[in-house]
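Everything below belongs to input.pdb, which stores PDB, N, CA and C atoms.
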```
ATOM      1  N   MET A   1       0.819  -1.186   0.000  1.00  0.00           N
ATOM      2  CA  MET A   1       0.000   0.000   0.000  1.00  0.00           C
ATOM      3  C   MET A   1       0.869   1.258   0.000  1.00  0.00           C
ATOM      4  N   ASN A   2       2.001   1.247   0.639  1.00  0.00           N
ATOM      5  CA  ASN A   2       2.852   2.433   0.691  1.00  0.00           C
ATOM      6  C   ASN A   2       3.356   2.827  -0.684  1.00  0.00           C
ATOM      7  N   ARG A   3       3.654   1.827  -1.526  1.00  0.00           N
ATOM      8  CA  ARG A   3       4.142   2.144  -2.875  1.00  0.00           C
ATOM      9  C   ARG A   3       3.040   2.803  -3.700  1.00  0.00           C
ATOM     10  N   LYS A   4       1.832   2.282  -3.616  1.00  0.00           N
ATOM     11  CA  LYS A   4       0.717   2.880  -4.354  1.00  0.00           C
ATOM     12  C   LYS A   4       0.454   4.308  -3.881  1.00  0.00           C
ATOM     13  N   PHE A   5       0.547   4.512  -2.583  1.00  0.00           N
ATOM     14  CA  PHE A   5       0.322   5.846  -2.029  1.00  0.00           C
ATOM     15  C   PHE A   5       1.379   6.818  -2.528  1.00  0.00           C
ATOM     16  N   ALA A   6       2.633   6.394  -2.528  1.00  0.00           N
ATOM     17  CA  ALA A   6       3.714   7.260  -2.982  1.00  0.00           C
ATOM     18  C   ALA A   6       3.569   7.600  -4.463  1.00  0.00           C
ATOM     19  N   VAL A   7       3.190   6.618  -5.260  1.00  0.00           N
ATOM     20  CA  VAL A   7       3.023   6.851  -6.695  1.00  0.00           C
ATOM     21  C   VAL A   7       1.849   7.793  -6.947  1.00  0.00           C
ATOM     22  N   SER A   8       0.747   7.597  -6.235  1.00  0.00           N
ATOM     23  CA  SER A   8      -0.411   8.473  -6.447  1.00  0.00           C
ATOM     24  C   SER A   8      -0.116   9.896  -5.997  1.00  0.00           C
ATOM     25  N   CYS A   9       0.631  10.069  -4.914  1.00  0.00           N
ATOM     26  CA  CYS A   9       0.996  11.418  -4.470  1.00  0.00           C
ATOM     27  C   CYS A   9       1.934  12.090  -5.464  1.00  0.00           C
ATOM     28  N   ALA A  10       2.878  11.336  -5.997  1.00  0.00           N
ATOM     29  CA  ALA A  10       3.798  11.907  -6.982  1.00  0.00           C
ATOM     30  C   ALA A  10       3.060  12.314  -8.245  1.00  0.00           C
ATOM     31  N   LEU A  11       2.137  11.483  -8.700  1.00  0.00           N
ATOM     32  CA  LEU A  11       1.363  11.795  -9.890  1.00  0.00           C
ATOM     33  C   LEU A  11       0.478  13.020  -9.672  1.00  0.00           C
ATOM     34  N   ALA A  12      -0.178  13.069  -8.537  1.00  0.00           N
ATOM     35  CA  ALA A  12      -1.041  14.211  -8.245  1.00  0.00           C
ATOM     36  C   ALA A  12      -0.222  15.496  -8.115  1.00  0.00           C
ATOM     37  N   GLY A  13       0.958  15.397  -7.532  1.00  0.00           N
ATOM     38  CA  GLY A  13       1.821  16.568  -7.425  1.00  0.00           C
ATOM     39  C   GLY A  13       2.277  17.074  -8.782  1.00  0.00           C
ATOM     40  N   ALA A  14       2.597  16.137  -9.677  1.00  0.00           N
ATOM     41  CA  ALA A  14       3.010  16.524 -11.024  1.00  0.00           C
ATOM     42  C   ALA A  14       1.864  17.202 -11.768  1.00  0.00           C
ATOM     43  N   ILE A  15       0.671  16.704 -11.588  1.00  0.00           N
ATOM     44  CA  ILE A  15      -0.498  17.313 -12.227  1.00  0.00           C
ATOM     45  C   ILE A  15      -0.732  18.712 -11.665  1.00  0.00           C
ATOM     46  N   ALA A  16      -0.610  18.852 -10.350  1.00  0.00           N
ATOM     47  CA  ALA A  16      -0.833  20.158  -9.731  1.00  0.00           C
ATOM     48  C   ALA A  16       0.193  21.178 -10.205  1.00  0.00           C
ATOM     49  N   LEU A  17       1.448  20.777 -10.307  1.00  0.00           N
ATOM     50  CA  LEU A  17       2.479  21.703 -10.764  1.00  0.00           C
ATOM     51  C   LEU A  17       2.321  22.027 -12.242  1.00  0.00           C
ATOM     52  N   GLY A  18       1.848  21.071 -13.019  1.00  0.00           N
ATOM     53  CA  GLY A  18       1.621  21.322 -14.437  1.00  0.00           C
ATOM     54  C   GLY A  18       0.479  22.276 -14.688  1.00  0.00           C
ATOM     55  N   ALA A  19      -0.414  22.412 -13.736  1.00  0.00           N
ATOM     56  CA  ALA A  19      -1.572  23.286 -13.892  1.00  0.00           C
ATOM     57  C   ALA A  19      -1.263  24.731 -13.545  1.00  0.00           C
ATOM     58  N   CYS A  20      -0.066  25.012 -13.087  1.00  0.00           N
ATOM     59  CA  CYS A  20       0.266  26.359 -12.615  1.00  0.00           C
ATOM     60  C   CYS A  20       0.859  27.258 -13.688  1.00  0.00           C
ATOM     61  N   ALA A  21       0.660  26.949 -14.940  1.00  0.00           N
ATOM     62  CA  ALA A  21       1.237  27.747 -16.015  1.00  0.00           C
ATOM     63  C   ALA A  21       0.635  29.150 -16.052  1.00  0.00           C
ATOM     64  N   GLU A  22      -0.645  29.267 -15.826  1.00  0.00           N
ATOM     65  CA  GLU A  22      -1.323  30.560 -15.855  1.00  0.00           C
ATOM     66  C   GLU A  22      -2.218  30.661 -14.619  1.00  0.00           C
ATOM     67  N   PRO A  23      -1.719  31.226 -13.535  1.00  0.00           N
ATOM     68  CA  PRO A  23      -2.498  31.279 -12.299  1.00  0.00           C
ATOM     69  C   PRO A  23      -3.837  31.995 -12.494  1.00  0.00           C
ATOM     70  N   GLY A  24      -4.869  31.434 -11.925  1.00  0.00           N
ATOM     71  CA  GLY A  24      -6.177  32.057 -11.997  1.00  0.00           C
ATOM     72  C   GLY A  24      -7.026  31.589 -13.156  1.00  0.00           C
ATOM     73  N   SER A  25      -6.484  30.765 -14.037  1.00  0.00           N
ATOM     74  CA  SER A  25      -7.273  30.316 -15.173  1.00  0.00           C
ATOM     75  C   SER A  25      -8.180  29.158 -14.765  1.00  0.00           C
ATOM     76  N   THR A  26      -9.171  28.904 -15.572  1.00  0.00           N
ATOM     77  CA  THR A  26     -10.095  27.812 -15.305  1.00  0.00           C
ATOM     78  C   THR A  26      -9.367  26.472 -15.268  1.00  0.00           C
ATOM     79  N   GLN A  27      -8.451  26.267 -16.194  1.00  0.00           N
ATOM     80  CA  GLN A  27      -7.711  25.002 -16.229  1.00  0.00           C
ATOM     81  C   GLN A  27      -6.888  24.819 -14.970  1.00  0.00           C
ATOM     82  N   SER A  28      -6.274  25.866 -14.508  1.00  0.00           N
ATOM     83  CA  SER A  28      -5.445  25.791 -13.313  1.00  0.00           C
ATOM     84  C   SER A  28      -6.269  25.408 -12.092  1.00  0.00           C
ATOM     85  N   ARG A  29      -7.394  26.035 -11.919  1.00  0.00           N
ATOM     86  CA  ARG A  29      -8.235  25.730 -10.758  1.00  0.00           C
ATOM     87  C   ARG A  29      -8.844  24.335 -10.854  1.00  0.00           C
ATOM     88  N   THR A  30      -9.210  23.924 -12.049  1.00  0.00           N
ATOM     89  CA  THR A  30      -9.768  22.585 -12.228  1.00  0.00           C
ATOM     90  C   THR A  30      -8.720  21.521 -11.929  1.00  0.00           C
ATOM     91  N   MET A  31      -7.514  21.702 -12.447  1.00  0.00           N
ATOM     92  CA  MET A  31      -6.459  20.714 -12.219  1.00  0.00           C
ATOM     93  C   MET A  31      -5.993  20.708 -10.767  1.00  0.00           C
ATOM     94  N   THR A  32      -5.942  21.862 -10.139  1.00  0.00           N
ATOM     95  CA  THR A  32      -5.568  21.907  -8.728  1.00  0.00           C
ATOM     96  C   THR A  32      -6.620  21.206  -7.882  1.00  0.00           C
ATOM     97  N   GLY A  33      -7.881  21.413  -8.182  1.00  0.00           N
ATOM     98  CA  GLY A  33      -8.950  20.708  -7.476  1.00  0.00           C
ATOM     99  C   GLY A  33      -8.863  19.212  -7.666  1.00  0.00           C
ATOM    100  N   ALA A  34      -8.555  18.790  -8.879  1.00  0.00           N
ATOM    101  CA  ALA A  34      -8.413  17.352  -9.147  1.00  0.00           C
ATOM    102  C   ALA A  34      -7.242  16.767  -8.374  1.00  0.00           C
ATOM    103  N   ALA A  35      -6.129  17.478  -8.346  1.00  0.00           N
ATOM    104  CA  ALA A  35      -4.960  16.976  -7.628  1.00  0.00           C
ATOM    105  C   ALA A  35      -5.234  16.880  -6.130  1.00  0.00           C
ATOM    106  N   LEU A  36      -5.819  17.914  -5.563  1.00  0.00           N
ATOM    107  CA  LEU A  36      -6.101  17.900  -4.133  1.00  0.00           C
ATOM    108  C   LEU A  36      -7.140  16.843  -3.770  1.00  0.00           C
ATOM    109  N   GLY A  37      -8.168  16.705  -4.601  1.00  0.00           N
ATOM    110  CA  GLY A  37      -9.178  15.677  -4.353  1.00  0.00           C
ATOM    111  C   GLY A  37      -8.603  14.277  -4.452  1.00  0.00           C
ATOM    112  N   GLY A  38      -7.748  14.061  -5.435  1.00  0.00           N
ATOM    113  CA  GLY A  38      -7.115  12.752  -5.585  1.00  0.00           C
ATOM    114  C   GLY A  38      -6.186  12.416  -4.436  1.00  0.00           C
ATOM    115  N   ILE A  39      -5.422  13.395  -4.001  1.00  0.00           N
ATOM    116  CA  ILE A  39      -4.517  13.170  -2.871  1.00  0.00           C
ATOM    117  C   ILE A  39      -5.302  12.883  -1.595  1.00  0.00           C
ATOM    118  N   ALA A  40      -6.323  13.675  -1.341  1.00  0.00           N
ATOM    119  CA  ALA A  40      -7.105  13.497  -0.121  1.00  0.00           C
ATOM    120  C   ALA A  40      -7.806  12.142  -0.089  1.00  0.00           C
ATOM    121  N   ALA A  41      -8.476  11.795  -1.165  1.00  0.00           N
ATOM    122  CA  ALA A  41      -9.197  10.517  -1.195  1.00  0.00           C
ATOM    123  C   ALA A  41      -8.224   9.340  -1.186  1.00  0.00           C
ATOM    124  N   GLY A  42      -7.097   9.475  -1.873  1.00  0.00           N
ATOM    125  CA  GLY A  42      -6.106   8.407  -1.876  1.00  0.00           C
ATOM    126  C   GLY A  42      -5.462   8.219  -0.523  1.00  0.00           C
ATOM    127  N   ALA A  43      -5.208   9.313   0.177  1.00  0.00           N
ATOM    128  CA  ALA A  43      -4.597   9.229   1.496  1.00  0.00           C
ATOM    129  C   ALA A  43      -5.555   8.621   2.521  1.00  0.00           C
ATOM    130  N   ILE A  44      -6.823   8.951   2.393  1.00  0.00           N
ATOM    131  CA  ILE A  44      -7.800   8.442   3.350  1.00  0.00           C
ATOM    132  C   ILE A  44      -8.085   6.965   3.110  1.00  0.00           C
ATOM    133  N   SER A  45      -8.301   6.583   1.852  1.00  0.00           N
ATOM    134  CA  SER A  45      -8.697   5.204   1.563  1.00  0.00           C
ATOM    135  C   SER A  45      -7.526   4.297   1.213  1.00  0.00           C
ATOM    136  N   GLY A  46      -6.513   4.834   0.548  1.00  0.00           N
ATOM    137  CA  GLY A  46      -5.390   4.012   0.119  1.00  0.00           C
ATOM    138  C   GLY A  46      -5.692   3.180  -1.116  1.00  0.00           C
ATOM    139  N   GLU A  47      -6.766   3.474  -1.806  1.00  0.00           N
ATOM    140  CA  GLU A  47      -7.155   2.710  -2.994  1.00  0.00           C
ATOM    141  C   GLU A  47      -7.249   3.640  -4.202  1.00  0.00           C
ATOM    142  N   TRP A  48      -6.897   3.084  -5.375  1.00  0.00           N
ATOM    143  CA  TRP A  48      -6.878   3.860  -6.615  1.00  0.00           C
ATOM    144  C   TRP A  48      -8.271   4.329  -7.023  1.00  0.00           C
ATOM    145  N   GLY A  49      -9.255   3.492  -6.842  1.00  0.00           N
ATOM    146  CA  GLY A  49     -10.617   3.847  -7.254  1.00  0.00           C
ATOM    147  C   GLY A  49     -11.138   5.070  -6.522  1.00  0.00           C
ATOM    148  N   TRP A  50     -10.911   5.109  -5.228  1.00  0.00           N
ATOM    149  CA  TRP A  50     -11.365   6.259  -4.449  1.00  0.00           C
ATOM    150  C   TRP A  50     -10.546   7.499  -4.762  1.00  0.00           C
ATOM    151  N   ALA A  51      -9.265   7.315  -5.072  1.00  0.00           N
ATOM    152  CA  ALA A  51      -8.434   8.458  -5.465  1.00  0.00           C
ATOM    153  C   ALA A  51      -8.943   9.056  -6.771  1.00  0.00           C
ATOM    154  N   ALA A  52      -9.346   8.198  -7.712  1.00  0.00           N
ATOM    155  CA  ALA A  52      -9.884   8.684  -8.988  1.00  0.00           C
ATOM    156  C   ALA A  52     -11.212   9.413  -8.766  1.00  0.00           C
ATOM    157  N   ALA A  53     -12.055   8.868  -7.883  1.00  0.00           N
ATOM    158  CA  ALA A  53     -13.328   9.528  -7.586  1.00  0.00           C
ATOM    159  C   ALA A  53     -13.095  10.873  -6.905  1.00  0.00           C
ATOM    160  N   GLY A  54     -12.125  10.934  -6.005  1.00  0.00           N
ATOM    161  CA  GLY A  54     -11.786  12.198  -5.353  1.00  0.00           C
ATOM    162  C   GLY A  54     -11.245  13.217  -6.336  1.00  0.00           C
ATOM    163  N   ALA A  55     -10.454  12.737  -7.303  1.00  0.00           N
ATOM    164  CA  ALA A  55      -9.926  13.635  -8.325  1.00  0.00           C
ATOM    165  C   ALA A  55     -11.049  14.199  -9.188  1.00  0.00           C
ATOM    166  N   ALA A  56     -12.010  13.357  -9.535  1.00  0.00           N
ATOM    167  CA  ALA A  56     -13.143  13.822 -10.338  1.00  0.00           C
ATOM    168  C   ALA A  56     -13.969  14.848  -9.566  1.00  0.00           C
ATOM    169  N   ALA A  57     -14.232  14.566  -8.299  1.00  0.00           N
ATOM    170  CA  ALA A  57     -14.998  15.502  -7.481  1.00  0.00           C
ATOM    171  C   ALA A  57     -14.230  16.813  -7.287  1.00  0.00           C
ATOM    172  N   GLY A  58     -12.921  16.718  -7.106  1.00  0.00           N
ATOM    173  CA  GLY A  58     -12.107  17.922  -6.952  1.00  0.00           C
ATOM    174  C   GLY A  58     -12.077  18.757  -8.219  1.00  0.00           C
ATOM    175  N   ALA A  59     -12.033  18.093  -9.367  1.00  0.00           N
ATOM    176  CA  ALA A  59     -12.041  18.814 -10.643  1.00  0.00           C
ATOM    177  C   ALA A  59     -13.349  19.581 -10.817  1.00  0.00           C
ATOM    178  N   VAL A  60     -14.448  18.945 -10.494  1.00  0.00           N
ATOM    179  CA  VAL A  60     -15.754  19.615 -10.588  1.00  0.00           C
ATOM    180  C   VAL A  60     -15.803  20.788  -9.614  1.00  0.00           C
ATOM    181  N   GLY A  61     -15.309  20.569  -8.395  1.00  0.00           N
ATOM    182  CA  GLY A  61     -15.298  21.643  -7.407  1.00  0.00           C
ATOM    183  C   GLY A  61     -14.438  22.819  -7.837  1.00  0.00           C
ATOM    184  N   GLY A  62     -13.266  22.538  -8.402  1.00  0.00           N
ATOM    185  CA  GLY A  62     -12.395  23.608  -8.881  1.00  0.00           C
ATOM    186  C   GLY A  62     -13.014  24.383 -10.015  1.00  0.00           C
ATOM    187  N   TYR A  63     -13.683  23.685 -10.915  1.00  0.00           N
ATOM    188  CA  TYR A  63     -14.345  24.345 -12.039  1.00  0.00           C
ATOM    189  C   TYR A  63     -15.496  25.230 -11.543  1.00  0.00           C
ATOM    190  N   LEU A  64     -16.303  24.700 -10.642  1.00  0.00           N
ATOM    191  CA  LEU A  64     -17.423  25.482 -10.130  1.00  0.00           C
ATOM    192  C   LEU A  64     -16.943  26.690  -9.340  1.00  0.00           C
ATOM    193  N   TYR A  65     -15.857  26.531  -8.597  1.00  0.00           N
ATOM    194  CA  TYR A  65     -15.281  27.662  -7.868  1.00  0.00           C
ATOM    195  C   TYR A  65     -14.835  28.757  -8.829  1.00  0.00           C
ATOM    196  N   ASP A  66     -14.189  28.361  -9.914  1.00  0.00           N
ATOM    197  CA  ASP A  66     -13.736  29.331 -10.912  1.00  0.00           C
ATOM    198  C   ASP A  66     -14.919  30.051 -11.549  1.00  0.00           C
ATOM    199  N   GLN A  67     -15.953  29.322 -11.901  1.00  0.00           N
ATOM    200  CA  GLN A  67     -17.116  29.932 -12.533  1.00  0.00           C
ATOM    201  C   GLN A  67     -17.840  30.869 -11.578  1.00  0.00           C
ATOM    202  N   HIS A  68     -17.857  30.516 -10.301  1.00  0.00           N
ATOM    203  CA  HIS A  68     -18.504  31.376  -9.305  1.00  0.00           C
ATOM    204  C   HIS A  68     -17.757  32.688  -9.135  1.00  0.00           C
ATOM    205  N   ASN A  69     -16.424  32.635  -9.206  1.00  0.00           N
ATOM    206  CA  ASN A  69     -15.622  33.849  -9.040  1.00  0.00           C
ATOM    207  C   ASN A  69     -15.648  34.752 -10.262  1.00  0.00           C
ATOM    208  N   ARG A  70     -16.057  34.252 -11.390  1.00  0.00           N
ATOM    209  CA  ARG A  70     -16.131  35.080 -12.607  1.00  0.00           C
ATOM    210  C   ARG A  70     -17.403  35.850 -12.546  1.00  0.00           C
TER     211      ARG A  70
END
```
Full structure transcribed into structure tokens:
Amino acid sequence: MNRKFAVSCALAGAIALGACAEPGSTQSRTMTGAALGGIAAGAISGEWGWAAAGAAAGAVGGYLYDQHNR
């Protein structure tokens, strides 16, 4: 389980850093939400399926947050 956790955290971190090209953009907030959701769900459950669901929920949350601020 530790190896899966480390790999999922590294992947989510890479996605989060890749989304920082243009701060404040819709893509940036969506990808940051996905990364944070994936990390949180993966850390809590330790399973890939829940990490993917957390990433999807985080992406939706980041997108809605961006649209609300516009």
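Here CA of Trp48 in chain A stands at a distance of 19.4 Å from atom C of Val60 in chain A.
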- Task: For Ala41 in chain A, please output as an MDAnalysis selection string all residues within 8 Å (counting only C-alpha atoms; exclusion window: fewer than 4 positions along the same chain).
- Result: chainID A and resid 37 45:46 50:51 53:55
Explicit residues for the PyMOL selection byres (((chain A and resi 62 and name CA) around 12) and name CA) (as a PDB file with N, CA and C atoms, in the coordinates of the input):
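Okay, this is what ended up in part-v3.pdb:
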```pdb
ATOM      1  N   ALA A  19      -0.414  22.412 -13.736  1.00  0.00           N
ATOM      2  CA  ALA A  19      -1.572  23.286 -13.892  1.00  0.00           C
ATOM      3  C   ALA A  19      -1.263  24.731 -13.545  1.00  0.00           C
ATOM      4  N   GLY A  24      -4.869  31.434 -11.925  1.00  0.00           N
ATOM      5  CA  GLY A  24      -6.177  32.057 -11.997  1.00  0.00           C
ATOM      6  C   GLY A  24      -7.026  31.589 -13.156  1.00  0.00           C
ATOM      7  N   SER A  25      -6.484  30.765 -14.037  1.00  0.00           N
ATOM      8  CA  SER A  25      -7.273  30.316 -15.173  1.00  0.00           C
ATOM      9  C   SER A  25      -8.180  29.158 -14.765  1.00  0.00           C
ATOM     10  N   THR A  26      -9.171  28.904 -15.572  1.00  0.00           N
ATOM     11  CA  THR A  26     -10.095  27.812 -15.305  1.00  0.00           C
ATOM     12  C   THR A  26      -9.367  26.472 -15.268  1.00  0.00           C
ATOM     13  N   GLN A  27      -8.451  26.267 -16.194  1.00  0.00           N
ATOM     14  CA  GLN A  27      -7.711  25.002 -16.229  1.00  0.00           C
ATOM     15  C   GLN A  27      -6.888  24.819 -14.970  1.00  0.00           C
ATOM     16  N   SER A  28      -6.274  25.866 -14.508  1.00  0.00           N
ATOM     17  CA  SER A  28      -5.445  25.791 -13.313  1.00  0.00           C
ATOM     18  C   SER A  28      -6.269  25.408 -12.092  1.00  0.00           C
ATOM     19  N   ARG A  29      -7.394  26.035 -11.919  1.00  0.00           N
ATOM     20  CA  ARG A  29      -8.235  25.730 -10.758  1.00  0.00           C
ATOM     21  C   ARG A  29      -8.844  24.335 -10.854  1.00  0.00           C
ATOM     22  N   THR A  30      -9.210  23.924 -12.049  1.00  0.00           N
ATOM     23  CA  THR A  30      -9.768  22.585 -12.228  1.00  0.00           C
ATOM     24  C   THR A  30      -8.720  21.521 -11.929  1.00  0.00           C
ATOM     25  N   MET A  31      -7.514  21.702 -12.447  1.00  0.00           N
ATOM     26  CA  MET A  31      -6.459  20.714 -12.219  1.00  0.00           C
ATOM     27  C   MET A  31      -5.993  20.708 -10.767  1.00  0.00           C
ATOM     28  N   THR A  32      -5.942  21.862 -10.139  1.00  0.00           N
ATOM     29  CA  THR A  32      -5.568  21.907  -8.728  1.00  0.00           C
ATOM     30  C   THR A  32      -6.620  21.206  -7.882  1.00  0.00           C
ATOM     31  N   GLY A  33      -7.881  21.413  -8.182  1.00  0.00           N
ATOM     32  CA  GLY A  33      -8.950  20.708  -7.476  1.00  0.00           C
ATOM     33  C   GLY A  33      -8.863  19.212  -7.666  1.00  0.00           C
ATOM     34  N   ALA A  34      -8.555  18.790  -8.879  1.00  0.00           N
ATOM     35  CA  ALA A  34      -8.413  17.352  -9.147  1.00  0.00           C
ATOM     36  C   ALA A  34      -7.242  16.767  -8.374  1.00  0.00           C
ATOM     37  N   ALA A  35      -6.129  17.478  -8.346  1.00  0.00           N
ATOM     38  CA  ALA A  35      -4.960  16.976  -7.628  1.00  0.00           C
ATOM     39  C   ALA A  35      -5.234  16.880  -6.130  1.00  0.00           C
ATOM     40  N   LEU A  36      -5.819  17.914  -5.563  1.00  0.00           N
ATOM     41  CA  LEU A  36      -6.101  17.900  -4.133  1.00  0.00           C
ATOM     42  C   LEU A  36      -7.140  16.843  -3.770  1.00  0.00           C
ATOM     43  N   GLY A  37      -8.168  16.705  -4.601  1.00  0.00           N
ATOM     44  CA  GLY A  37      -9.178  15.677  -4.353  1.00  0.00           C
ATOM     45  C   GLY A  37      -8.603  14.277  -4.452  1.00  0.00           C
ATOM     46  N   GLY A  54     -12.125  10.934  -6.005  1.00  0.00           N
ATOM     47  CA  GLY A  54     -11.786  12.198  -5.353  1.00  0.00           C
ATOM     48  C   GLY A  54     -11.245  13.217  -6.336  1.00  0.00           C
ATOM     49  N   ALA A  55     -10.454  12.737  -7.303  1.00  0.00           N
ATOM     50  CA  ALA A  55      -9.926  13.635  -8.325  1.00  0.00           C
ATOM     51  C   ALA A  55     -11.049  14.199  -9.188  1.00  0.00           C
ATOM     52  N   ALA A  56     -12.010  13.357  -9.535  1.00  0.00           N
ATOM     53  CA  ALA A  56     -13.143  13.822 -10.338  1.00  0.00           C
ATOM     54  C   ALA A  56     -13.969  14.848  -9.566  1.00  0.00           C
ATOM     55  N   ALA A  57     -14.232  14.566  -8.299  1.00  0.00           N
ATOM     56  CA  ALA A  57     -14.998  15.502  -7.481  1.00  0.00           C
ATOM     57  C   ALA A  57     -14.230  16.813  -7.287  1.00  0.00           C
ATOM     58  N   GLY A  58     -12.921  16.718  -7.106  1.00  0.00           N
ATOM     59  CA  GLY A  58     -12.107  17.922  -6.952  1.00  0.00           C
ATOM     60  C   GLY A  58     -12.077  18.757  -8.219  1.00  0.00           C
ATOM     61  N   ALA A  59     -12.033  18.093  -9.367  1.00  0.00           N
ATOM     62  CA  ALA A  59     -12.041  18.814 -10.643  1.00  0.00           C
ATOM     63  C   ALA A  59     -13.349  19.581 -10.817  1.00  0.00           C
ATOM     64  N   VAL A  60     -14.448  18.945 -10.494  1.00  0.00           N
ATOM     65  CA  VAL A  60     -15.754  19.615 -10.588  1.00  0.00           C
ATOM     66  C   VAL A  60     -15.803  20.788  -9.614  1.00  0.00           C
ATOM     67  N   GLY A  61     -15.309  20.569  -8.395  1.00  0.00           N
ATOM     68  CA  GLY A  61     -15.298  21.643  -7.407  1.00  0.00           C
ATOM     69  C   GLY A  61     -14.438  22.819  -7.837  1.00  0.00           C
ATOM     70  N   TYR A  63     -13.683  23.685 -10.915  1.00  0.00           N
ATOM     71  CA  TYR A  63     -14.345  24.345 -12.039  1.00  0.00           C
ATOM     72  C   TYR A  63     -15.496  25.230 -11.543  1.00  0.00           C
ATOM     73  N   LEU A  64     -16.303  24.700 -10.642  1.00  0.00           N
ATOM     74  CA  LEU A  64     -17.423  25.482 -10.130  1.00  0.00           C
ATOM     75  C   LEU A  64     -16.943  26.690  -9.340  1.00  0.00           C
ATOM     76  N   TYR A  65     -15.857  26.531  -8.597  1.00  0.00           N
ATOM     77  CA  TYR A  65     -15.281  27.662  -7.868  1.00  0.00           C
ATOM     78  C   TYR A  65     -14.835  28.757  -8.829  1.00  0.00           C
ATOM     79  N   ASP A  66     -14.189  28.361  -9.914  1.00  0.00           N
ATOM     80  CA  ASP A  66     -13.736  29.331 -10.912  1.00  0.00           C
ATOM     81  C   ASP A  66     -14.919  30.051 -11.549  1.00  0.00           C
ATOM     82  N   GLN A  67     -15.953  29.322 -11.901  1.00  0.00           N
ATOM     83  CA  GLN A  67     -17.116  29.932 -12.533  1.00  0.00           C
ATOM     84  C   GLN A  67     -17.840  30.869 -11.578  1.00  0.00           C
ATOM     85  N   HIS A  68     -17.857  30.516 -10.301  1.00  0.00           N
ATOM     86  CA  HIS A  68     -18.504  31.376  -9.305  1.00  0.00           C
ATOM     87  C   HIS A  68     -17.757  32.688  -9.135  1.00  0.00           C
ATOM     88  N   ASN A  69     -16.424  32.635  -9.206  1.00  0.00           N
ATOM     89  CA  ASN A  69     -15.622  33.849  -9.040  1.00  0.00           C
ATOM     90  C   ASN A  69     -15.648  34.752 -10.262  1.00  0.00           C
TER      91      ASN A  69
END
```
